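The structure under discussion appears below in the form of structure tokens.
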Amino acid sequence: MKKGDRSAGVARQYSGTAGRIENSQVGVFLAYASRYGQALVDRRLYLPESWTRDRARCARASIPEMVEFATKPKMARAMVEAALDAGVPCAYVLGDAVYGADSSLRRMLEAREQPYVLAVRGAHFMRRGGDRLFEETSPEELASEFEPDDWVCHAAGEGAKGPRLYDWARIRRPWTSKGGFEHWLLVRRKRSTSGEKAYYLVFAPPGSSLAELAAVAGLRWAIEECFERAKDDLGLDHCEARSWHGWHRHMSLCMAALAFLSKLSADLRRSAWSKPNETSPKEPIAA
């Protein structure tokens with residue numbers, strides 16, 4: 001959140017922190033998650049078109065001349081490509097509905113045979129495929145056709161109060177892919193009376209189980225955990241610099257500190273998990 005209009009990229013725009021349109025700076029971040037923990041690995045400052053159209057204003061904020069307007073999905077696509085090109089091992093690419101709706105991102109990942117589980121909105125435009133190829137539909141409409149027996153309870157990871165349980169179902173999309181990769185529409189439903197649903201487009205290796213895809217979908221919240229720790233403990237959202245370079249330097253410093261802490265946590269987890277379980281003694285022990 002920002003006051004004034006001089007900080008690079010600041011504008012009245014939707015802020016995920018505020019949950020509404022506010023005067024703010026917005027960044028696009030890439031996180032890396034594994035069973036041992038997670039950390040932020042890349043970042044880029046989003047520049048609204050009101051900035052990129054005003055090169056004098058950009059110059060005052062030290063924004064390089066070669067930096068042009070890019071949508072958030074385009075920025076994310078470039079960061080994911082850079083990470084994959086650098087050889088970062090990756091089982092699945094995850095993202096929320098802003099990125100799941102970007103067909104260019106999905107096509108890029110499919111061309112690289114990179115599995116993904118990307119969220120989409122219930123009204124996302126889809127084709128039924130098969131004999132009804134040109135018939136329009138949506139994830140919400142397809143999910144309404146599930147039978148009660150199609151839903152299976154699986155955990156989407158561990159929460160503060162234990163496993164985060166949801167009902168899950170999926171439907172195979174009738175597209176063929178090189179290497180046998182499968183396309184699915186994955187649906188998550190809350191087990192409360194609201195029955196609220198979330199939807200995901202999936203590109204998965206052959207034979208991937210519903211339980212595996214449910215667990216993968218639940219990992220998307222790892223980036224939220226990164227933000228929570230980086231903001232609360234490391235001041236990620238306390239950047240006072242106005243320039244383009246200042247913003248990126250502040251974020252890089254916070255990310256390096258977060259990576260250091262994540263590495264310590266991961267080492268502790270590996271050490272704890274590698275210890276053999278202690279068993280009760282076979283004979284009574286006198287104190």
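In the structure tokens, chains take the letters A, B, ... in the order shown, each chain's residues start at 1, and ligands count up from 1 in the order shown.
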
Can you list every residue of segment 173-253 of chain A that has an atom at most 10 Å from segment 25-30 of chain A, with its nearest atom pair and the distance in Å to one decimal, using only C-alpha atoms, ordered by chain then number, as JSON lines?
{"residue": "A:Ile223", "atom": "CA", "partner": "A:Leu30", "partner_atom": "CA", "distance": 7.9}
{"residue": "A:Phe227", "atom": "CA", "partner": "A:Phe29", "partner_atom": "CA", "distance": 9.6}
{"residue": "A:Asp237", "atom": "CA", "partner": "A:Gln25", "partner_atom": "CA", "distance": 9.6}
{"residue": "A:Cys239", "atom": "CA", "partner": "A:Gln25", "partner_atom": "CA", "distance": 9.9}
{"residue": "A:Trp247", "atom": "CA", "partner": "A:Gly27", "partner_atom": "CA", "distance": 9.6}
{"residue": "A:His248", "atom": "CA", "partner": "A:Gly27", "partner_atom": "CA", "distance": 9.7}
{"residue": "A:Met251", "atom": "CA", "partner": "A:Gly27", "partner_atom": "CA", "distance": 9.5}

Task: helix (DSSP H, G or I) positions in segment 19-188 of chain A, given as a ChimeraX atom specification - done: /A:49-52,55-60,72-85,97-100,103-111,139-143,148-150,178-180

In terms of only C-alpha atoms, the residue from A:Leu219, A:Tyr46, A:Arg170, A:Ser138 at minimal distance from Ala91 of chain A is A:Leu219

Exercise for the section: Find the residues near Pro205 of chain A: any atom within 12 Å, counting only C-alpha atoms, skip ones fewer than 2 places away on the same chain, and give them as a list of chain:residue names. Expected result: A:Ala91, A:Tyr92, A:Glu110, A:Glu113, A:Gln114, A:Pro115, A:Tyr116, A:Val117, A:Ser177, A:Lys178, A:Gly179, A:Gly180, A:Phe181, A:Glu182, A:His183, A:Trp184, A:Val202, A:Phe203, A:Gly207, A:Ser208, A:Ser209, A:Glu212, A:Leu213

Residues within 10 Å of Ala101 of chain A, only C-alpha atoms, excluding chain neighbours under 3 positions, as a short mmCIF file (atom, residue, chain, number, x, y, z; two decimals) with N, CA and C atoms, in the first residue's frame:
data_model
loop_
_atom_site.label_atom_id
_atom_site.label_comp_id
_atom_site.auth_asym_id
_atom_site.auth_seq_id
_atom_site.Cartn_x
_atom_site.Cartn_y
_atom_site.Cartn_z
N PRO A 73 0.15 -12.32 -16.26
CA PRO A 73 0.43 -13.66 -16.79
C PRO A 73 1.67 -13.71 -17.68
N GLY A 95 -0.64 -22.13 -10.08
CA GLY A 95 -0.97 -20.72 -10.15
C GLY A 95 -2.45 -20.51 -9.90
N ASP A 96 -2.81 -19.28 -9.54
CA ASP A 96 -4.22 -19.00 -9.29
C ASP A 96 -4.93 -18.69 -10.61
N ALA A 97 -6.18 -18.26 -10.51
CA ALA A 97 -7.02 -18.14 -11.71
C ALA A 97 -6.55 -17.07 -12.68
N VAL A 98 -5.84 -16.06 -12.19
CA VAL A 98 -5.29 -15.04 -13.10
C VAL A 98 -4.36 -15.69 -14.12
N SER A 104 -1.62 -18.85 -23.22
CA SER A 104 -0.22 -18.85 -23.64
C SER A 104 0.66 -19.54 -22.61
N LEU A 105 0.38 -19.33 -21.34
CA LEU A 105 1.14 -20.00 -20.29
C LEU A 105 0.90 -21.50 -20.35
N ARG A 106 -0.33 -21.91 -20.53
CA ARG A 106 -0.63 -23.34 -20.58
C ARG A 106 0.02 -24.00 -21.80
N LEU A 118 -3.47 -25.51 -12.66
CA LEU A 118 -3.72 -24.08 -12.66
C LEU A 118 -5.20 -23.80 -12.39
N ALA A 119 -5.45 -22.96 -11.42
CA ALA A 119 -6.83 -22.63 -11.06
C ALA A 119 -7.49 -21.82 -12.16
N VAL A 120 -8.79 -21.98 -12.32
CA VAL A 120 -9.60 -21.16 -13.23
C VAL A 120 -10.91 -20.82 -12.51
N ARG A 121 -11.58 -19.83 -13.02
CA ARG A 121 -12.87 -19.45 -12.43
C ARG A 121 -13.97 -20.38 -12.95
N HIS A 124 -15.05 -19.92 -16.58
CA HIS A 124 -14.01 -19.99 -17.61
C HIS A 124 -14.54 -20.68 -18.87
N PHE A 125 -14.29 -20.08 -20.03
CA PHE A 125 -14.80 -20.63 -21.29
C PHE A 125 -14.08 -21.93 -21.63
N TYR A 200 -9.76 -26.37 -11.44
CA TYR A 200 -8.37 -26.38 -11.89
C TYR A 200 -8.28 -27.07 -13.25
N LEU A 201 -7.49 -26.50 -14.14
CA LEU A 201 -7.10 -27.18 -15.37
C LEU A 201 -5.80 -27.90 -15.11
#

Using only C-alpha atoms, the residue out of A:Ala8, A:Val93, A:Cys153, A:Val41 with shortest distance to Cys58 of chain A is A:Ala8

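Among A:Arg189, A:Arg249, A:Arg172, A:His238, the residue with the shortest atom-to-atom distance to Pro206 of chain A, counting only C-alpha atoms, is A:Arg172.
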
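Considering only C-alpha atoms, the residue among A:Leu234, A:Val10, A:Ala82, A:Val88 positioned nearest to Thr52 of chain A is A:Val10.
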
- Item | Distance query Arg269 of chain A at most 8 Å, only C-alpha atoms, self and fewer than 4 positions along chain excluded, as a list in words | Tyr36, Ser265 and Trp273 of chain A

Create the file for the chosen residues now, containing all heavy atoms and written as a PDB file, in the first residue's frame.
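In the end it all went to selection.pdb:
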ATOM      1  N   TYR A  36       9.946 -30.112   1.998  1.00  0.00           N
ATOM      2  CA  TYR A  36      10.743 -29.588   3.111  1.00  0.00           C
ATOM      3  C   TYR A  36      10.477 -28.110   3.403  1.00  0.00           C
ATOM      4  O   TYR A  36      10.934 -27.589   4.408  1.00  0.00           O
ATOM      5  CB  TYR A  36      12.232 -29.775   2.820  1.00  0.00           C
ATOM      6  CG  TYR A  36      12.630 -31.227   2.671  1.00  0.00           C
ATOM      7  CD1 TYR A  36      12.959 -31.751   1.428  1.00  0.00           C
ATOM      8  CD2 TYR A  36      12.658 -32.078   3.779  1.00  0.00           C
ATOM      9  CE1 TYR A  36      13.322 -33.082   1.286  1.00  0.00           C
ATOM     10  CE2 TYR A  36      13.015 -33.410   3.642  1.00  0.00           C
ATOM     11  CZ  TYR A  36      13.348 -33.907   2.400  1.00  0.00           C
ATOM     12  OH  TYR A  36      13.694 -35.224   2.262  1.00  0.00           O
ATOM     13  N   SER A 265      15.203 -24.314   8.058  1.00  0.00           N
ATOM     14  CA  SER A 265      14.028 -25.122   8.380  1.00  0.00           C
ATOM     15  C   SER A 265      14.062 -26.455   7.660  1.00  0.00           C
ATOM     16  O   SER A 265      13.724 -27.504   8.225  1.00  0.00           O
ATOM     17  CB  SER A 265      12.756 -24.360   8.028  1.00  0.00           C
ATOM     18  OG  SER A 265      12.651 -23.163   8.764  1.00  0.00           O
ATOM     19  N   TRP A 273      13.375 -36.120  10.167  1.00  0.00           N
ATOM     20  CA  TRP A 273      12.731 -37.230   9.462  1.00  0.00           C
ATOM     21  C   TRP A 273      13.680 -38.403   9.222  1.00  0.00           C
ATOM     22  O   TRP A 273      13.240 -39.527   8.969  1.00  0.00           O
ATOM     23  CB  TRP A 273      12.161 -36.742   8.133  1.00  0.00           C
ATOM     24  CG  TRP A 273      11.024 -35.790   8.310  1.00  0.00           C
ATOM     25  CD1 TRP A 273      10.330 -35.546   9.467  1.00  0.00           C
ATOM     26  CD2 TRP A 273      10.445 -34.931   7.321  1.00  0.00           C
ATOM     27  NE1 TRP A 273       9.367 -34.589   9.259  1.00  0.00           N
ATOM     28  CE2 TRP A 273       9.410 -34.195   7.956  1.00  0.00           C
ATOM     29  CE3 TRP A 273      10.706 -34.701   5.982  1.00  0.00           C
ATOM     30  CZ2 TRP A 273       8.633 -33.256   7.283  1.00  0.00           C
ATOM     31  CZ3 TRP A 273       9.938 -33.771   5.293  1.00  0.00           C
ATOM     32  CH2 TRP A 273       8.910 -33.057   5.939  1.00  0.00           C
TER      33      TRP A 273
END

**Message:** When you look at Val80 of chain A with a cut-off of 10 Å (counting only C-alpha atoms), what residues show up, excluding the ones that are within fewer than 3 positions of it in the same chain? I need them as a PyMOL selection string.
**Reply:** chain A and resi 30-31+42+74-77+83-86+88+93+105+108-109

Print the selection's residues with N, CA and C atoms to a file, as a tab-separated table (two decimals), in the first residue's frame.
chain	number	residue	atom	x	y	z
A	30	LEU	N	7.45	-15.54	-7.98
A	30	LEU	CA	7.54	-16.97	-8.24
A	30	LEU	C	8.10	-17.64	-6.99
A	31	ALA	N	7.43	-18.68	-6.53
A	31	ALA	CA	7.89	-19.43	-5.36
A	31	ALA	C	8.25	-20.85	-5.77
A	42	ASP	N	11.84	-15.56	-7.50
A	42	ASP	CA	11.92	-14.51	-8.53
A	42	ASP	C	10.83	-13.49	-8.25
A	74	LYS	N	1.90	-12.65	-18.47
A	74	LYS	CA	3.09	-12.64	-19.32
A	74	LYS	C	4.35	-12.57	-18.47
A	75	MET	N	4.32	-11.79	-17.40
A	75	MET	CA	5.46	-11.71	-16.50
A	75	MET	C	5.70	-13.06	-15.83
A	76	ALA	N	4.63	-13.70	-15.39
A	76	ALA	CA	4.76	-15.01	-14.76
A	76	ALA	C	5.32	-16.04	-15.74
A	77	ARG	N	4.85	-15.98	-16.98
A	77	ARG	CA	5.34	-16.92	-17.99
A	77	ARG	C	6.83	-16.77	-18.20
A	83	ALA	N	13.14	-20.04	-14.96
A	83	ALA	CA	13.46	-21.04	-13.95
A	83	ALA	C	13.66	-22.42	-14.59
A	84	LEU	N	12.78	-22.77	-15.52
A	84	LEU	CA	12.91	-24.08	-16.18
A	84	LEU	C	14.16	-24.13	-17.04
A	85	ASP	N	14.47	-23.03	-17.74
A	85	ASP	CA	15.68	-22.98	-18.56
A	85	ASP	C	16.93	-23.12	-17.71
A	86	ALA	N	16.86	-22.64	-16.46
A	86	ALA	CA	18.01	-22.73	-15.56
A	86	ALA	C	18.17	-24.13	-14.96
A	88	VAL	N	15.87	-25.75	-12.99
A	88	VAL	CA	15.20	-25.97	-11.70
A	88	VAL	C	14.28	-27.19	-11.83
A	93	VAL	N	3.75	-27.01	-12.12
A	93	VAL	CA	3.64	-25.56	-12.02
A	93	VAL	C	2.22	-25.24	-11.53
A	105	LEU	N	0.38	-19.33	-21.34
A	105	LEU	CA	1.14	-20.00	-20.29
A	105	LEU	C	0.90	-21.50	-20.35
A	108	MET	N	2.69	-23.01	-23.41
A	108	MET	CA	4.14	-23.06	-23.22
A	108	MET	C	4.53	-24.25	-22.37
A	109	LEU	N	3.79	-24.46	-21.28
A	109	LEU	CA	4.11	-25.58	-20.39
A	109	LEU	C	3.86	-26.92	-21.07

So which residues touch Glu228 of chain A within 12 Å, counting only C-alpha atoms, skipping near sequence neighbours fewer than 5 positions away, as a list in words? Thr17, Gln38, Ala39, Leu40, Trp221, Ala222, Ile223, Asp233, Leu234, Gly235, Leu236, Asp237 and Leu258 of chain A

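When only C-alpha atoms are used to measure the gap to Asp232 of chain A, the shortest distance among A:Ser15, A:Cys254, A:Leu268, A:Ser103 belongs to A:Cys254.
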
Check: Using the chain letters and numbers from this document, which residues of segment 65-257 of chain A does DSSP assign to strand (DSSP E), as an NGL selection string?
Finding: :A and (93-95 or 116-120 or 126-129 or 132-137 or 152-159 or 162-172 or 182-189 or 197-204)

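For the pair atom CA of Thr193 of chain A and atom CA of Trp151 of chain A, the interatomic distance is 15.1 Å.
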